[in-house]
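A.B. asks: Next comes the structure file query.txt, holding compact mmCIF, C-alpha atoms.
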```txt
# COMPACT_ATOMS: atom_id res chain seq x y z
CA MET A 1 -13.36 0.24 -7.95
CA PRO A 2 -12.46 -1.87 -6.18
CA TYR A 3 -8.69 -2.32 -5.93
CA VAL A 4 -7.40 -5.48 -4.22
CA ASN A 5 -3.71 -6.08 -3.45
CA VAL A 6 -2.71 -9.68 -2.66
CA ARG A 7 0.78 -10.02 -1.12
CA ILE A 8 2.26 -13.53 -1.05
CA THR A 9 5.69 -15.16 -1.14
CA PRO A 10 6.71 -16.51 -4.59
CA GLY A 11 5.64 -20.00 -5.78
CA ALA A 12 2.16 -19.56 -7.24
CA THR A 13 1.88 -20.76 -10.83
CA ARG A 14 0.42 -18.62 -13.61
CA ARG A 15 -2.77 -20.67 -13.47
CA GLN A 16 -3.06 -20.28 -9.70
CA LYS A 17 -2.61 -16.50 -9.98
CA ALA A 18 -5.34 -16.41 -12.65
CA GLU A 19 -7.53 -18.44 -10.27
CA LEU A 20 -6.92 -15.90 -7.47
CA ILE A 21 -7.78 -13.00 -9.83
CA ALA A 22 -11.00 -14.72 -10.97
CA GLY A 23 -11.96 -15.77 -7.41
CA VAL A 24 -11.44 -12.34 -5.81
CA THR A 25 -13.32 -10.61 -8.66
CA GLU A 26 -16.23 -13.09 -8.48
CA LEU A 27 -16.42 -12.56 -4.70
CA LEU A 28 -16.68 -8.75 -5.07
CA VAL A 29 -19.31 -9.08 -7.81
CA ARG A 30 -21.36 -11.56 -5.73
CA VAL A 31 -21.08 -9.86 -2.31
CA LEU A 32 -21.01 -6.17 -3.25
CA ASP A 33 -22.38 -6.19 -6.84
CA LYS A 34 -19.18 -4.51 -8.11
CA ASN A 35 -18.42 -4.00 -11.82
CA PRO A 36 -15.77 -6.60 -12.78
CA ASP A 37 -14.44 -4.35 -15.57
CA THR A 38 -13.26 -1.70 -13.08
CA THR A 39 -12.17 -4.22 -10.40
CA HIS A 40 -8.37 -4.42 -10.16
CA VAL A 41 -6.61 -7.33 -8.46
CA VAL A 42 -2.84 -6.89 -8.13
CA ILE A 43 -0.58 -9.68 -6.84
CA ASP A 44 2.78 -8.81 -5.27
CA GLU A 45 5.31 -11.64 -4.79
CA VAL A 46 7.63 -10.88 -1.86
CA GLU A 47 10.90 -12.83 -1.36
CA PRO A 48 11.00 -14.84 1.93
CA ASP A 49 14.04 -12.85 3.12
CA ASN A 50 11.85 -9.74 2.89
CA TRP A 51 8.87 -11.10 4.84
CA GLY A 52 9.09 -11.22 8.62
CA LEU A 53 6.76 -13.01 11.06
CA GLY A 54 7.37 -13.57 14.79
CA GLY A 55 10.39 -11.25 14.48
CA LEU A 56 12.13 -13.62 12.05
CA PRO A 57 12.46 -13.96 8.28
CA VAL A 58 9.56 -16.24 7.36
CA ASP A 59 11.69 -19.28 6.42
CA GLU A 60 13.24 -19.28 9.90
CA PHE A 61 9.79 -18.75 11.46
CA ARG A 62 8.55 -21.83 9.60
CA LYS A 63 11.59 -23.92 10.60
CA ARG A 64 10.60 -23.32 14.23
CA GLY A 65 7.35 -25.17 13.49
CA ASN A 66 5.18 -22.10 13.15
CA GLY A 67 2.75 -20.72 10.53
CA MET B 1 -1.96 -7.67 13.39
CA PRO B 2 -0.01 -5.51 12.87
CA TYR B 3 1.22 -5.28 9.31
CA VAL B 4 4.29 -3.10 8.65
CA ASN B 5 5.55 -2.32 5.13
CA VAL B 6 9.12 -0.95 4.89
CA ARG B 7 9.98 0.56 1.49
CA ILE B 8 13.68 1.19 0.80
CA THR B 9 16.02 1.30 -2.18
CA PRO B 10 18.12 -1.88 -2.70
CA GLY B 11 21.41 -2.44 -0.83
CA ALA B 12 20.44 -3.88 2.54
CA THR B 13 22.11 -7.23 3.29
CA ARG B 14 20.17 -10.30 4.40
CA ARG B 15 21.40 -9.75 7.93
CA GLN B 16 20.36 -6.09 7.94
CA LYS B 17 16.87 -7.02 6.70
CA ALA B 18 16.61 -9.62 9.49
CA GLU B 19 17.67 -6.88 11.93
CA LEU B 20 14.92 -4.56 10.62
CA ILE B 21 12.33 -7.35 10.96
CA ALA B 22 13.44 -8.13 14.53
CA GLY B 23 13.66 -4.44 15.50
CA VAL B 24 10.23 -3.44 14.15
CA THR B 25 8.60 -6.49 15.77
CA GLU B 26 10.30 -5.86 19.14
CA LEU B 27 9.14 -2.22 19.00
CA LEU B 28 5.49 -3.22 18.43
CA VAL B 29 5.66 -5.80 21.22
CA ARG B 30 7.26 -3.32 23.65
CA VAL B 31 5.14 -0.23 22.82
CA LEU B 32 1.74 -1.77 22.00
CA ASP B 33 2.03 -5.29 23.53
CA LYS B 34 1.34 -6.87 20.11
CA ASN B 35 1.62 -10.63 19.47
CA PRO B 36 4.86 -11.20 17.51
CA ASP B 37 3.43 -14.34 15.87
CA THR B 38 0.77 -12.36 14.01
CA THR B 39 3.00 -9.30 13.37
CA HIS B 40 4.00 -9.12 9.69
CA VAL B 41 6.94 -6.98 8.50
CA VAL B 42 7.29 -6.80 4.71
CA ILE B 43 10.27 -5.11 3.05
CA ASP B 44 9.94 -3.77 -0.49
CA GLU B 45 13.15 -2.86 -2.38
CA VAL B 46 12.48 -0.15 -4.97
CA GLU B 47 14.99 0.61 -7.75
CA PRO B 48 16.41 4.19 -7.59
CA ASP B 49 14.99 4.98 -11.07
CA ASN B 50 11.54 4.27 -9.59
CA TRP B 51 11.89 6.48 -6.49
CA GLY B 52 11.44 10.23 -6.88
CA LEU B 53 12.25 12.96 -4.36
CA GLY B 54 12.33 16.72 -5.02
CA GLY B 55 10.82 15.97 -8.46
CA LEU B 56 13.89 13.95 -9.49
CA PRO B 57 14.88 10.27 -9.55
CA VAL B 58 16.60 9.81 -6.18
CA ASP B 59 20.13 9.34 -7.56
CA GLU B 60 19.93 12.74 -9.26
CA PHE B 61 18.39 14.27 -6.09
CA ARG B 62 21.40 12.98 -4.10
CA LYS B 63 23.92 14.27 -6.66
CA ARG B 64 22.53 17.76 -6.03
CA GLY B 65 23.68 17.42 -2.43
CA ASN B 66 20.28 16.61 -0.96
CA GLY B 67 18.86 13.81 1.17
CA MET C 1 13.58 7.41 1.65
CA PRO C 2 12.56 5.26 3.35
CA TYR C 3 8.77 5.06 3.63
CA VAL C 4 7.32 2.85 6.39
CA ASN C 5 3.60 2.12 6.72
CA VAL C 6 2.45 0.69 10.09
CA ARG C 7 -1.09 -0.75 10.02
CA ILE C 8 -2.70 -1.45 13.42
CA THR C 9 -6.19 -1.54 14.93
CA PRO C 10 -7.15 1.63 16.88
CA GLY C 11 -6.17 2.12 20.56
CA ALA C 12 -2.62 3.51 20.50
CA THR C 13 -2.28 6.80 22.37
CA ARG C 14 -0.68 9.87 20.83
CA ARG C 15 2.43 9.25 22.92
CA GLN C 16 2.64 5.59 21.82
CA LYS C 17 2.33 6.61 18.15
CA ALA C 18 5.13 9.15 18.65
CA GLU C 19 7.18 6.35 20.25
CA LEU C 20 6.58 4.11 17.21
CA ILE C 21 7.60 6.93 14.83
CA ALA C 22 10.79 7.62 16.82
CA GLY C 23 11.61 3.91 17.21
CA VAL C 24 11.17 2.99 13.53
CA THR C 25 13.19 6.04 12.42
CA GLU C 26 16.01 5.31 14.90
CA LEU C 27 16.11 1.68 13.67
CA LEU C 28 16.49 2.75 10.01
CA VAL C 29 19.19 5.29 10.93
CA ARG C 30 21.11 2.72 13.01
CA VAL C 31 20.79 -0.32 10.70
CA LEU C 32 20.86 1.30 7.26
CA ASP C 33 22.34 4.77 7.98
CA LYS C 34 19.24 6.44 6.49
CA ASN C 35 18.60 10.21 6.68
CA PRO C 36 15.88 10.76 9.32
CA ASP C 37 14.72 13.96 7.60
CA THR C 38 13.55 12.04 4.50
CA THR C 39 12.31 8.97 6.45
CA HIS C 40 8.49 8.85 6.49
CA VAL C 41 6.59 6.68 8.98
CA VAL C 42 2.82 6.58 8.38
CA ILE C 43 0.45 4.87 10.82
CA ASP C 44 -2.93 3.61 9.57
CA GLU C 45 -5.57 2.69 12.19
CA VAL C 46 -7.95 0.05 10.81
CA GLU C 47 -11.29 -0.69 12.53
CA PRO C 48 -11.56 -4.31 13.88
CA ASP C 49 -14.57 -4.98 11.61
CA ASN C 50 -12.27 -4.25 8.66
CA TRP C 51 -9.39 -6.52 9.74
CA GLY C 52 -9.72 -10.25 9.13
CA LEU C 53 -7.53 -13.05 10.47
CA GLY C 54 -8.26 -16.80 10.33
CA GLY C 55 -11.19 -15.98 8.01
CA LEU C 56 -12.92 -13.95 10.75
CA PRO C 57 -13.18 -10.31 11.78
CA VAL C 58 -10.34 -9.94 14.29
CA ASP C 59 -12.55 -9.49 17.37
CA GLU C 60 -14.21 -12.88 16.68
CA PHE C 61 -10.78 -14.43 15.96
CA ARG C 62 -9.59 -13.23 19.38
CA LYS C 63 -12.73 -14.50 21.13
CA ARG C 64 -11.83 -17.98 19.89
CA GLY C 65 -8.63 -17.72 21.91
CA ASN C 66 -6.35 -16.88 19.03
CA GLY C 67 -3.88 -14.10 18.20
CA MET D 1 1.31 -14.65 5.04
CA PRO D 2 -0.56 -13.69 2.98
CA TYR D 3 -1.66 -10.08 3.39
CA VAL D 4 -4.63 -8.91 1.29
CA ASN D 5 -5.77 -5.28 1.13
CA VAL D 6 -9.28 -4.66 -0.26
CA ARG D 7 -9.99 -1.00 -1.12
CA ILE D 8 -13.64 -0.09 -1.73
CA THR D 9 -15.90 2.94 -1.35
CA PRO D 10 -18.09 2.92 1.81
CA GLY D 11 -21.46 1.10 1.93
CA ALA D 12 -20.62 -2.52 2.74
CA THR D 13 -22.44 -3.83 5.84
CA ARG D 14 -20.64 -5.55 8.70
CA ARG D 15 -21.95 -8.89 7.45
CA GLN D 16 -20.78 -8.23 3.89
CA LYS D 17 -17.29 -7.31 5.13
CA ALA D 18 -17.19 -10.54 7.18
CA GLU D 19 -18.25 -12.40 4.00
CA LEU D 20 -15.38 -10.76 2.04
CA ILE D 21 -12.89 -11.71 4.79
CA ALA D 22 -14.11 -15.32 4.85
CA GLY D 23 -14.25 -15.58 1.03
CA VAL D 24 -10.74 -14.18 0.41
CA THR D 25 -9.26 -16.40 3.15
CA GLU D 26 -11.03 -19.53 1.84
CA LEU D 27 -9.76 -18.75 -1.68
CA LEU D 28 -6.12 -18.51 -0.48
CA VAL D 29 -6.47 -21.73 1.53
CA ARG D 30 -8.02 -23.59 -1.41
CA VAL D 31 -5.78 -22.27 -4.22
CA LEU D 32 -2.43 -21.86 -2.46
CA ASP D 33 -2.88 -24.01 0.69
CA LYS D 34 -2.15 -21.00 2.91
CA ASN D 35 -2.54 -21.05 6.72
CA PRO D 36 -5.73 -19.11 7.55
CA ASP D 37 -4.37 -18.16 10.99
CA THR D 38 -1.59 -16.05 9.47
CA THR D 39 -3.70 -14.76 6.52
CA HIS D 40 -4.60 -11.08 7.01
CA VAL D 41 -7.41 -9.41 5.04
CA VAL D 42 -7.65 -5.64 5.57
CA ILE D 43 -10.53 -3.60 4.13
CA ASP D 44 -10.06 0.12 3.49
CA GLU D 45 -13.17 2.25 2.87
CA VAL D 46 -12.32 5.28 0.71
CA GLU D 47 -14.73 8.24 0.43
CA PRO D 48 -16.04 8.81 -3.17
CA ASP D 49 -14.49 12.32 -3.22
CA ASN D 50 -11.11 10.62 -2.72
CA TRP D 51 -11.46 8.01 -5.47
CA GLY D 52 -10.86 9.09 -9.07
CA LEU D 53 -11.65 7.16 -12.26
CA GLY D 54 -11.58 8.54 -15.83
CA GLY D 55 -10.01 11.71 -14.39
CA LEU D 56 -13.10 12.45 -12.28
CA PRO D 57 -14.23 11.84 -8.71
CA VAL D 58 -16.04 8.50 -8.95
CA ASP D 59 -19.56 9.91 -8.33
CA GLU D 60 -19.18 12.20 -11.35
CA PHE D 61 -17.69 9.33 -13.39
CA ARG D 62 -20.78 7.23 -12.59
CA LYS D 63 -23.18 10.10 -13.45
CA ARG D 64 -21.69 10.08 -16.94
CA GLY D 65 -22.97 6.53 -17.34
CA ASN D 66 -19.63 4.80 -16.71
CA GLY D 67 -18.40 2.08 -14.37
CA MET E 1 -4.38 0.13 -14.90
CA PRO E 2 -2.78 2.21 -13.56
CA TYR E 3 -3.50 2.58 -9.86
CA VAL E 4 -2.13 5.69 -8.11
CA ASN E 5 -2.30 6.20 -4.34
CA VAL E 6 -1.73 9.77 -3.09
CA ARG E 7 -1.13 10.01 0.68
CA ILE E 8 -1.37 13.50 2.20
CA THR E 9 -2.30 15.07 5.54
CA PRO E 10 -5.88 16.48 5.68
CA GLY E 11 -6.71 20.00 4.43
CA ALA E 12 -7.24 19.66 0.67
CA THR E 13 -10.63 20.95 -0.48
CA ARG E 14 -12.99 18.88 -2.64
CA ARG E 15 -12.02 20.99 -5.64
CA GLN E 16 -8.28 20.53 -4.99
CA LYS E 17 -8.74 16.74 -4.70
CA ALA E 18 -10.64 16.75 -8.03
CA GLU E 19 -7.75 18.76 -9.50
CA LEU E 20 -5.23 16.15 -8.25
CA ILE E 21 -7.34 13.32 -9.74
CA ALA E 22 -7.60 15.11 -13.11
CA GLY E 23 -3.91 16.10 -13.12
CA VAL E 24 -2.54 12.63 -12.28
CA THR E 25 -4.84 11.00 -14.86
CA GLU E 26 -3.89 13.51 -17.57
CA LEU E 27 -0.18 12.91 -16.82
CA LEU E 28 -0.55 9.10 -17.23
CA VAL E 29 -2.52 9.54 -20.46
CA ARG E 30 0.03 12.00 -21.88
CA VAL E 31 3.26 10.24 -20.78
CA LEU E 32 2.27 6.56 -21.01
CA ASP E 33 -0.86 6.68 -23.25
CA LYS E 34 -2.92 4.98 -20.52
CA ASN E 35 -6.73 4.54 -20.74
CA PRO E 36 -8.28 7.11 -18.35
CA ASP E 37 -11.33 4.89 -17.82
CA THR E 38 -9.28 2.18 -16.10
CA THR E 39 -6.91 4.64 -14.32
CA HIS E 40 -7.64 4.77 -10.58
CA VAL E 41 -6.39 7.62 -8.38
CA VAL E 42 -7.04 7.11 -4.65
CA ILE E 43 -6.32 9.83 -2.09
CA ASP E 44 -5.66 8.89 1.54
CA GLU E 45 -5.79 11.65 4.17
CA VAL E 46 -3.56 10.79 7.14
CA GLU E 47 -3.87 12.67 10.46
CA PRO E 48 -0.68 14.62 11.44
CA ASP E 49 -0.33 12.55 14.64
CA ASN E 50 -0.04 9.48 12.40
CA TRP E 51 2.61 10.86 10.03
CA GLY E 52 6.22 10.89 11.19
CA LEU E 53 9.19 12.66 9.60
CA GLY E 54 12.66 13.14 11.13
CA GLY E 55 11.56 10.78 13.93
CA LEU E 56 8.80 13.17 15.04
CA PRO E 57 5.06 13.59 14.43
CA VAL E 58 4.95 15.94 11.45
CA ASP E 59 3.54 18.96 13.34
CA GLU E 60 6.52 18.86 15.71
CA PHE E 61 8.89 18.35 12.75
CA ARG E 62 7.47 21.49 11.13
CA LYS E 63 7.70 23.52 14.38
CA ARG E 64 11.45 22.85 14.31
CA GLY E 65 11.58 24.76 11.03
CA ASN E 66 11.74 21.74 8.76
CA GLY E 67 9.72 20.43 5.84
CA MET F 1 4.78 14.51 2.83
CA PRO F 2 3.25 13.63 0.50
CA TYR F 3 3.86 10.04 -0.56
CA VAL F 4 2.56 8.96 -3.98
CA ASN F 5 2.64 5.35 -5.20
CA VAL F 6 2.17 4.82 -8.96
CA ARG F 7 1.45 1.19 -9.93
CA ILE F 8 1.78 0.34 -13.64
CA THR F 9 2.66 -2.67 -15.79
CA PRO F 10 6.28 -2.67 -17.09
CA GLY F 11 7.26 -0.81 -20.27
CA ALA F 12 7.90 2.80 -19.21
CA THR F 13 11.37 4.04 -20.15
CA ARG F 14 13.70 5.69 -17.64
CA ARG F 15 12.91 9.06 -19.18
CA GLN F 16 9.13 8.48 -18.95
CA LYS F 17 9.46 7.47 -15.28
CA ALA F 18 11.46 10.67 -14.60
CA GLU F 19 8.68 12.59 -16.39
CA LEU F 20 6.04 10.96 -14.13
CA ILE F 21 8.08 11.81 -11.02
CA ALA F 22 8.50 15.44 -12.12
CA GLY F 23 4.86 15.77 -13.20
CA VAL F 24 3.33 14.34 -10.00
CA THR F 25 5.65 16.48 -7.83
CA GLU F 26 4.88 19.65 -9.81
CA LEU F 27 1.13 18.93 -9.47
CA LEU F 28 1.38 18.60 -5.66
CA VAL F 29 3.46 21.78 -5.41
CA ARG F 30 1.02 23.73 -7.64
CA VAL F 31 -2.29 22.44 -6.21
CA LEU F 32 -1.43 21.94 -2.52
CA ASP F 33 1.77 24.04 -2.11
CA LYS F 34 3.68 20.96 -0.90
CA ASN F 35 7.47 20.96 -0.32
CA PRO F 36 9.04 19.04 -3.25
CA ASP F 37 12.01 17.99 -1.08
CA THR F 38 9.80 15.88 1.19
CA THR F 39 7.47 14.68 -1.62
CA HIS F 40 8.11 11.02 -2.44
CA VAL F 41 6.90 9.43 -5.69
CA VAL F 42 7.42 5.66 -5.88
CA ILE F 43 6.71 3.68 -9.07
CA ASP F 44 5.92 -0.03 -8.85
CA GLU F 45 6.07 -2.09 -12.06
CA VAL F 46 3.73 -5.10 -11.85
CA GLU F 47 4.00 -8.02 -14.32
CA PRO F 48 0.84 -8.50 -16.49
CA ASP F 49 0.33 -12.01 -15.08
CA ASN F 50 0.01 -10.39 -11.65
CA TRP F 51 -2.51 -7.71 -12.63
CA GLY F 52 -6.15 -8.73 -12.99
CA LEU F 53 -9.02 -6.73 -14.50
CA GLY F 54 -12.51 -8.01 -15.36
CA GLY F 55 -11.58 -11.25 -13.54
CA LEU F 56 -8.77 -11.98 -16.02
CA PRO F 57 -5.02 -11.43 -16.21
CA VAL F 58 -4.73 -8.07 -17.96
CA ASP F 59 -3.28 -9.41 -21.23
CA GLU F 60 -6.32 -11.66 -21.67
CA PHE F 61 -8.63 -8.77 -20.68
CA ARG F 62 -7.05 -6.65 -23.43
CA LYS F 63 -7.29 -9.44 -26.01
CA ARG F 64 -11.07 -9.41 -25.46
CA GLY F 65 -11.06 -5.83 -26.72
CA ASN F 66 -11.30 -4.16 -23.32
CA GLY F 67 -9.29 -1.58 -21.44
```
Using structure tokens, write down the structure that the file contains.
C.D. replies:
Amino acid sequence: MPYVNVRITPGATRRQKAELIAGVTELLVRVLDKNPDTTHVVIDEVEPDNWGLGGLPVDEFRKRGNG
Amino acid sequence: MPYVNVRITPGATRRQKAELIAGVTELLVRVLDKNPDTTHVVIDEVEPDNWGLGGLPVDEFRKRGNG
Amino acid sequence: MPYVNVRITPGATRRQKAELIAGVTELLVRVLDKNPDTTHVVIDEVEPDNWGLGGLPVDEFRKRGNG
Amino acid sequence: MPYVNVRITPGATRRQKAELIAGVTELLVRVLDKNPDTTHVVIDEVEPDNWGLGGLPVDEFRKRGNG
Amino acid sequence: MPYVNVRITPGATRRQKAELIAGVTELLVRVLDKNPDTTHVVIDEVEPDNWGLGGLPVDEFRKRGNG
Amino acid sequence: MPYVNVRITPGATRRQKAELIAGVTELLVRVLDKNPDTTHVVIDEVEPDNWGLGGLPVDEFRKRGNG
């Protein structure tokens, strides 16, 4: 425990992903006193064509001045 | 809210994926009066070797006249 | 195939959930010619305290006139 | 975007869950400049009987001085 | 690693769930030489009203002599 | 039913993935008498940079003699 799944569109650098992993783990240790060595953080990178918001693929949603 | 994850094997075109995103969002708006602008639809495309059905990789399952 | 996971906060009636199941399945049959008898639609109902948006539990997010 | 799913065993208070939601959202805003108003954080609480580690239900795993 | 999520409808006993946890872990150790102490197996029990197959809630799907 | 999601880092061969699919399905048939033809097993392969353990990307975690 725990298992955290972070789903984002591509673009994060290796360093940023390492920062997310460290930050989420630190948060769970600080707030819930979890054991970092059994805390899994898994990042999924989802292509924009495959992510819909407002009924549109996210790139189109953004073009309409949203999100 | 809501968050909808659609898992399929590859092959859907960009237009078909946009149609799934629009259709799922419209359904949630119509049935549950959800706000489309906070309704996420995420499509995952899973390779056939990685999808099992009937204890077999799906291509083999289909060859046996199933699914 | 396919597998669809719909995550919402509680409140949908049994009939509405059946409508979501039918609607998502019909969409996948129509758009991608999928076999309804191997199409799974799973609805998860997540308590508002456990769903965050805008950095807040969703009920507080809504009170601030969002979502 | 993004969607973050945090899976933990029960025991977190309402305030701690709000702290997790705020902390994860702040991290994604700081590291990846994400929009907090479309950043979803969903917490799932899984009963110990339903969480296995080391081939055992987690309570038994802990009794053996692990995790 | 690995993380395995088993989604079933309710009804499994505590002993059966422990058997699933042990069996999945043993399989990953045997086939992929994974470390059991960082192998998570999480079981989700989904109410029949919330699980759709063939466009129907699963109990109705079964009544029609399927599945 | 059921739906099983196996998340691992890349490296499993096609034959090993078929063995996982067969093994998980056999386990669910044996322990819970499930119908193999509606039992889905989906394998996700997650890049090491995207999998964190102990607050580190998994390759670094392993280099420190863990896991």
A.B. asks: Report, in Å with one decimal, the straight-line distance from CA of Val29 in chain D to CA of Tyr3 in chain D.
C.D. replies: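 Pair CA of Val29 in chain D / CA of Tyr3 in chain D returns 12.7 Å.
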A.B. asks: Could you write out chain A as a tab-separated table (two decimals) with C-alpha atoms, in the coordinates of the input once it has been least-squares superposed on chain D using every ordered C-alpha pair?
C.D. replies:
```
chain	number	residue	atom	x	y	z
A	1	MET	CA	1.30	-14.66	5.01
A	2	PRO	CA	-0.56	-13.69	3.01
A	3	TYR	CA	-1.68	-10.08	3.41
A	4	VAL	CA	-4.63	-8.91	1.29
A	5	ASN	CA	-5.78	-5.27	1.14
A	6	VAL	CA	-9.28	-4.66	-0.26
A	7	ARG	CA	-9.99	-1.00	-1.13
A	8	ILE	CA	-13.64	-0.08	-1.73
A	9	THR	CA	-15.90	2.95	-1.35
A	10	PRO	CA	-18.08	2.92	1.82
A	11	GLY	CA	-21.45	1.10	1.92
A	12	ALA	CA	-20.63	-2.52	2.73
A	13	THR	CA	-22.43	-3.81	5.82
A	14	ARG	CA	-20.64	-5.55	8.68
A	15	ARG	CA	-21.95	-8.88	7.44
A	16	GLN	CA	-20.78	-8.22	3.89
A	17	LYS	CA	-17.29	-7.29	5.13
A	18	ALA	CA	-17.19	-10.53	7.16
A	19	GLU	CA	-18.25	-12.38	3.98
A	20	LEU	CA	-15.38	-10.76	2.03
A	21	ILE	CA	-12.88	-11.70	4.79
A	22	ALA	CA	-14.13	-15.32	4.84
A	23	GLY	CA	-14.25	-15.56	1.02
A	24	VAL	CA	-10.74	-14.18	0.40
A	25	THR	CA	-9.27	-16.40	3.15
A	26	GLU	CA	-11.05	-19.52	1.83
A	27	LEU	CA	-9.76	-18.74	-1.68
A	28	LEU	CA	-6.12	-18.51	-0.49
A	29	VAL	CA	-6.46	-21.73	1.53
A	30	ARG	CA	-8.03	-23.58	-1.43
A	31	VAL	CA	-5.78	-22.25	-4.24
A	32	LEU	CA	-2.43	-21.86	-2.46
A	33	ASP	CA	-2.89	-24.02	0.68
A	34	LYS	CA	-2.15	-20.99	2.91
A	35	ASN	CA	-2.54	-21.05	6.71
A	36	PRO	CA	-5.74	-19.12	7.54
A	37	ASP	CA	-4.39	-18.16	10.98
A	38	THR	CA	-1.59	-16.05	9.46
A	39	THR	CA	-3.70	-14.75	6.53
A	40	HIS	CA	-4.59	-11.07	7.00
A	41	VAL	CA	-7.40	-9.42	5.05
A	42	VAL	CA	-7.65	-5.65	5.57
A	43	ILE	CA	-10.52	-3.59	4.13
A	44	ASP	CA	-10.04	0.13	3.50
A	45	GLU	CA	-13.16	2.26	2.88
A	46	VAL	CA	-12.31	5.28	0.72
A	47	GLU	CA	-14.73	8.25	0.43
A	48	PRO	CA	-16.04	8.82	-3.16
A	49	ASP	CA	-14.49	12.32	-3.23
A	50	ASN	CA	-11.11	10.62	-2.71
A	51	TRP	CA	-11.45	8.01	-5.47
A	52	GLY	CA	-10.87	9.09	-9.05
A	53	LEU	CA	-11.65	7.16	-12.25
A	54	GLY	CA	-11.58	8.53	-15.82
A	55	GLY	CA	-10.00	11.71	-14.39
A	56	LEU	CA	-13.10	12.46	-12.29
A	57	PRO	CA	-14.23	11.84	-8.71
A	58	VAL	CA	-16.03	8.50	-8.94
A	59	ASP	CA	-19.56	9.87	-8.34
A	60	GLU	CA	-19.18	12.18	-11.35
A	61	PHE	CA	-17.68	9.31	-13.39
A	62	ARG	CA	-20.76	7.22	-12.58
A	63	LYS	CA	-23.17	10.07	-13.43
A	64	ARG	CA	-21.69	10.06	-16.94
A	65	GLY	CA	-22.97	6.49	-17.30
A	66	ASN	CA	-19.66	4.78	-16.68
A	67	GLY	CA	-18.38	2.03	-14.34
```
A.B. asks: Between E:Ala22, E:Val46, E:Leu53, E:Val6, which residue has the minimum interatomic distance to chain D, considering all atoms listed in the file?
C.D. replies: E:Ala22
A.B. asks: Hey, what's within 8 Å of Trp51 in chain F if we count all atoms listed in the file and toss same-chain stuff fewer than 5 positions away? As a ChimeraX atom specification, please?
C.D. replies: /A:21,40-43 /F:9,46,57-58
A.B. asks: Should the cut-off be 6 Å, what would the residue list for chain F against chain E look like, counting only C-alpha atoms, as number ranges by chain?
C.D. replies: F: 2-8
A.B. asks: Hey, can you check how far CA of Glu60 in chain E sits from CA of Glu47 in chain E?
C.D. replies: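 Rounded to one decimal, the two atoms are 13.2 Å apart.
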A.B. asks: In Å, how far is it from CA of Pro10 in chain E to CA of Gly55 in chain E?
C.D. replies: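 Separation between CA of Pro10 in chain E and CA of Gly55 in chain E: 20.1 Å.
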A.B. asks: Could you give me the centre and size, in Å to one decimal, of an axis-aligned box around all listed atoms of range 12-15 of chain F with 6 Å added on every side, as JSON?
C.D. replies:
```
{"center_x": 10.8, "center_y": 5.9, "center_z": -18.9, "size_x": 17.8, "size_y": 18.3, "size_z": 14.5}
```
